[in-house]
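Step one of this worksheet: look at the structure below.
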Amino acid sequence: MNIKPPLQAVIIPVTPLQQNCTLIWCTKTMRGAFTDPGGDLPRLKAVAAQHGVTIEKLLVTHGHIDHCGLTGVLAQDLGVPIEGPHPDDKFWIDMNPAQGAQYGVPGATAFTPDRWLFDGDQVTVGELVFDVYHCPGHTPGHVVFHHAPSNLAIVGDVLFQGSIGRTDFPRGNFQDLVTSITGKLWPLGDDTAFVPGHGPMSSFGQERRSNAYVADSVLG
């Protein structure tokens, strides 16, 4: 008997910065969400249609242009709400129009999420429930989405395979980022796989063993 897992996900790199937008959906209801739909909207809609997924909301990890430049446009187009990030990233979202020209995301707009997210919140996608963790450092309002039953986290630009998010942007902070990773992500378990904002997937255990910035051996 072929039993489907409760959650399925497809990674769709978007924008010239090859940012990992993820289509996540509840296999029981076939209702889903895009996380960080920053651009290339026709492609995103085509992938949802291909998998038979009805988009019910958009989830945003943080306010950088490649992650949310066209989120407002897509929300209006689909008639769905936006949830996230944390309100400390409002200043980044407000800069979307100016940043769009700079980074090759034409038509980027500012928007106000229907729901700002805070540490300890939960978001639903179909019948799936994701825990929200506020993980500042790369940006002050960055959030991470974790689906505990699937051992899967969507971490945006907090952590990458072999690296961590940049902290040289306005209101970035290296120590905050390290604290977010070690204090919020590592306790979720070594076997938790994660989708980063760019590049290939990894697991928290692999990064604790080998990440050049936050491996246990590096941080002592």
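In the structure tokens, each chain is lettered A, B, ... as it comes, each chain's residues begin at 1, and ligands are numbered from 1 in order of appearance.
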
Would you mind listing what lies within 9 Å of His62 of chain A as a list in words, with only C-alpha atoms counted and same-chain residues fewer than 2 positions away left out? Asp36, Val60, His64, His67, Cys68, Gly84, Pro85, His86, Asp89, Trp92, Ile93, His138, Thr139, Pro140, Gly141, His142, Val143, Gly156 and Asp157 of chain A

Could you write out the selected residues, including N, CA and C atoms, as a CSV table (one decimal), in the first residue's frame?
chain,number,residue,atom,x,y,z
A,36,ASP,N,8.4,32.2,0.8
A,36,ASP,CA,9.3,33.1,0.2
A,36,ASP,C,9.2,33.1,-1.4
A,60,VAL,N,6.4,34.0,4.6
A,60,VAL,CA,7.7,34.8,4.4
A,60,VAL,C,8.6,34.7,5.6
A,64,HIS,N,14.0,40.4,2.7
A,64,HIS,CA,14.9,40.7,1.6
A,64,HIS,C,14.3,40.4,0.2
A,67,HIS,N,13.5,37.1,-1.5
A,67,HIS,CA,12.5,36.3,-0.7
A,67,HIS,C,11.1,36.8,-0.8
A,68,CYS,N,10.9,38.1,-1.0
A,68,CYS,CA,9.5,38.6,-0.9
A,68,CYS,C,9.2,39.7,-1.9
A,84,GLY,N,3.9,36.4,8.1
A,84,GLY,CA,5.3,36.6,8.3
A,84,GLY,C,5.9,37.7,7.4
A,85,PRO,N,7.0,38.2,7.7
A,85,PRO,CA,7.9,37.7,8.8
A,85,PRO,C,7.5,38.4,10.1
A,86,HIS,N,8.5,38.6,11.0
A,86,HIS,CA,8.4,39.3,12.3
A,86,HIS,C,8.4,40.8,11.9
A,89,ASP,N,11.2,43.3,10.5
A,89,ASP,CA,11.7,43.4,9.1
A,89,ASP,C,10.8,44.3,8.2
A,92,TRP,N,12.7,46.5,5.8
A,92,TRP,CA,13.2,45.8,4.6
A,92,TRP,C,12.1,45.7,3.5
A,93,ILE,N,10.9,45.3,3.9
A,93,ILE,CA,9.8,45.1,3.0
A,93,ILE,C,9.5,46.4,2.4
A,138,HIS,N,20.6,37.6,10.6
A,138,HIS,CA,20.7,37.9,9.2
A,138,HIS,C,19.9,39.2,8.9
A,139,THR,N,18.7,39.2,9.4
A,139,THR,CA,17.8,40.4,9.5
A,139,THR,C,17.2,40.3,10.9
A,140,PRO,N,16.7,41.4,11.4
A,140,PRO,CA,16.2,41.4,12.8
A,140,PRO,C,14.9,40.7,12.9
A,141,GLY,N,14.1,40.6,11.8
A,141,GLY,CA,12.8,40.0,11.9
A,141,GLY,C,12.7,38.6,11.2
A,142,HIS,N,13.8,38.0,11.1
A,142,HIS,CA,13.8,36.7,10.4
A,142,HIS,C,13.0,35.6,11.2
A,143,VAL,N,12.2,34.8,10.5
A,143,VAL,CA,11.5,33.7,11.2
A,143,VAL,C,11.8,32.4,10.5
A,156,GLY,N,15.2,29.9,5.5
A,156,GLY,CA,15.6,31.1,4.9
A,156,GLY,C,17.1,31.3,4.8
A,157,ASP,N,17.5,32.5,5.2
A,157,ASP,CA,19.0,32.8,5.1
A,157,ASP,C,19.7,32.7,6.5

Just list as a count of residues only whatever in segment 48-197 of chain A DSSP marks as alpha helix (DSSP H). 35

I'd like the neighbourhood of segment 95-98 of chain A as a PyMOL selection string, where a residue qualifies if any of its atoms comes within 12 Å (using only C-alpha atoms), though same-chain residues fewer than 2 positions away should be ignored. chain A and resi 38-39+62-73+89-93+100-112+170

Please provide the set of residues having any atom within 7 Å of segment 179-189 of chain A, restricted to only C-alpha atoms, with same-chain residues fewer than 6 positions apart removed, written as number ranges by chain. A: 133, 135-136, 204

Would you list the contacts of Val218 of chain A as a VMD selection string, taking every protein, DNA or RNA residue within 12 Å and counting only C-alpha atoms, but skipping same-chain residues closer than 6 positions in sequence? chain A and resid 178 207 to 212

Looking at only C-alpha atoms, which of A:Thr22, A:Gln50, A:His134, A:Pro6 is the one that sits closest to Met201 of chain A? A:Thr22

From a DSSP pass on the backbone, collect the residues of chain A flagged as strand (DSSP E) and hand them back as JSON, numbers by chain. {"A": [7, 8, 9, 10, 11, 12, 13, 14, 19, 20, 21, 22, 23, 24, 25, 26, 31, 32, 33, 34, 35, 54, 55, 56, 57, 58, 59, 82, 83, 122, 123, 124, 125, 128, 129, 130, 131, 132, 133, 134, 143, 144, 145, 146, 147, 152, 153, 154, 155, 156, 159, 160, 163, 164, 193, 194, 195, 196, 202, 203]}

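The gap separating atom CA of Gly137 of chain A from atom CA of Asp176 of chain A is 4.7 Å, in Å to one decimal.
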
Of the candidates A:Thr29, A:Ser217, A:Ser202, A:Thr61, which one gets nearest to Val125 of chain A if we count only C-alpha atoms? A:Thr29

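You will find atom CA of Ile55 of chain A at 10.1 Å from atom CA of Pro81 of chain A.
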
Contacts of Thr54 of chain A at 8 Å or less, counting only C-alpha atoms, minus same-chain residues fewer than 2 places along, as number ranges by chain? A: 30-32, 48-49, 52, 56

Since we have the selection now, will you write its residues out, keeping all heavy atoms, as a short mmCIF file (atom, residue, chain, number, x, y, z; two decimals), in the first residue's frame?
data_model
loop_
_atom_site.label_atom_id
_atom_site.label_comp_id
_atom_site.auth_asym_id
_atom_site.auth_seq_id
_atom_site.Cartn_x
_atom_site.Cartn_y
_atom_site.Cartn_z
N MET A 30 -4.66 18.68 -0.05
CA MET A 30 -4.07 19.25 -1.27
C MET A 30 -4.11 20.79 -1.24
O MET A 30 -4.14 21.45 -2.27
CB MET A 30 -4.74 18.70 -2.54
CG MET A 30 -4.48 17.23 -2.76
SD MET A 30 -2.70 16.79 -2.73
CE MET A 30 -2.13 17.53 -4.27
N ARG A 31 -4.11 21.33 -0.04
CA ARG A 31 -3.98 22.77 0.13
C ARG A 31 -2.55 23.09 0.51
O ARG A 31 -1.92 22.34 1.25
CB ARG A 31 -4.96 23.30 1.17
CG ARG A 31 -6.42 23.05 0.75
CD ARG A 31 -7.42 23.64 1.70
NE ARG A 31 -7.47 25.10 1.61
CZ ARG A 31 -8.14 25.78 0.67
NH1 ARG A 31 -8.78 25.12 -0.29
NH2 ARG A 31 -8.16 27.09 0.66
N GLY A 32 -2.01 24.18 -0.03
CA GLY A 32 -0.60 24.45 0.17
C GLY A 32 -0.26 25.91 0.33
O GLY A 32 -1.14 26.78 0.37
N ALA A 48 2.50 24.72 -8.90
CA ALA A 48 1.36 24.39 -8.03
C ALA A 48 0.29 23.64 -8.83
O ALA A 48 -0.26 22.64 -8.36
CB ALA A 48 0.79 25.66 -7.41
N ALA A 49 0.01 24.13 -10.04
CA ALA A 49 -1.00 23.49 -10.87
C ALA A 49 -0.58 22.07 -11.26
O ALA A 49 -1.40 21.14 -11.25
CB ALA A 49 -1.24 24.33 -12.13
N GLY A 52 -1.35 19.82 -8.54
CA GLY A 52 -2.75 19.82 -8.10
C GLY A 52 -2.96 20.47 -6.74
O GLY A 52 -3.88 20.11 -6.00
N GLU A 56 -3.29 28.42 -0.41
CA GLU A 56 -4.19 29.10 0.53
C GLU A 56 -3.52 30.24 1.28
O GLU A 56 -4.20 31.05 1.91
CB GLU A 56 -4.79 28.10 1.53
CG GLU A 56 -3.81 27.44 2.45
CD GLU A 56 -4.49 26.51 3.47
OE1 GLU A 56 -5.68 26.22 3.30
OE2 GLU A 56 -3.81 26.11 4.43
#

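Omitting Pro196 of chain A and its sequence neighbours fewer than 2 positions away, and counting only C-alpha atoms, the residues within 7 Å are A:Asn20, A:Ile154, A:Val155, A:Gly156, A:Asp157, A:Leu159, A:Phe160, A:Phe194, A:His198, A:Gly199, A:Met201.
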
Could you take the residues named above and write them with C-alpha atoms, as a JSON list (two decimals), in the first residue's frame?
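As a result, part_31.json now contains:
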[["chain", "number", "residue", "atom", "x", "y", "z"],
["A", 20, "ASN", "CA", 14.77, 28.76, -2.82],
["A", 154, "ILE", "CA", 12.36, 26.16, 6.23],
["A", 155, "VAL", "CA", 15.18, 28.38, 7.49],
["A", 156, "GLY", "CA", 15.56, 31.12, 4.86],
["A", 157, "ASP", "CA", 18.98, 32.76, 5.11],
["A", 159, "LEU", "CA", 21.75, 28.72, 7.83],
["A", 160, "PHE", "CA", 23.14, 27.12, 4.67],
["A", 194, "PHE", "CA", 16.25, 22.01, 6.31],
["A", 198, "HIS", "CA", 19.93, 29.32, -1.37],
["A", 199, "GLY", "CA", 21.73, 26.15, -2.38],
["A", 201, "MET", "CA", 19.38, 21.07, 1.56]]
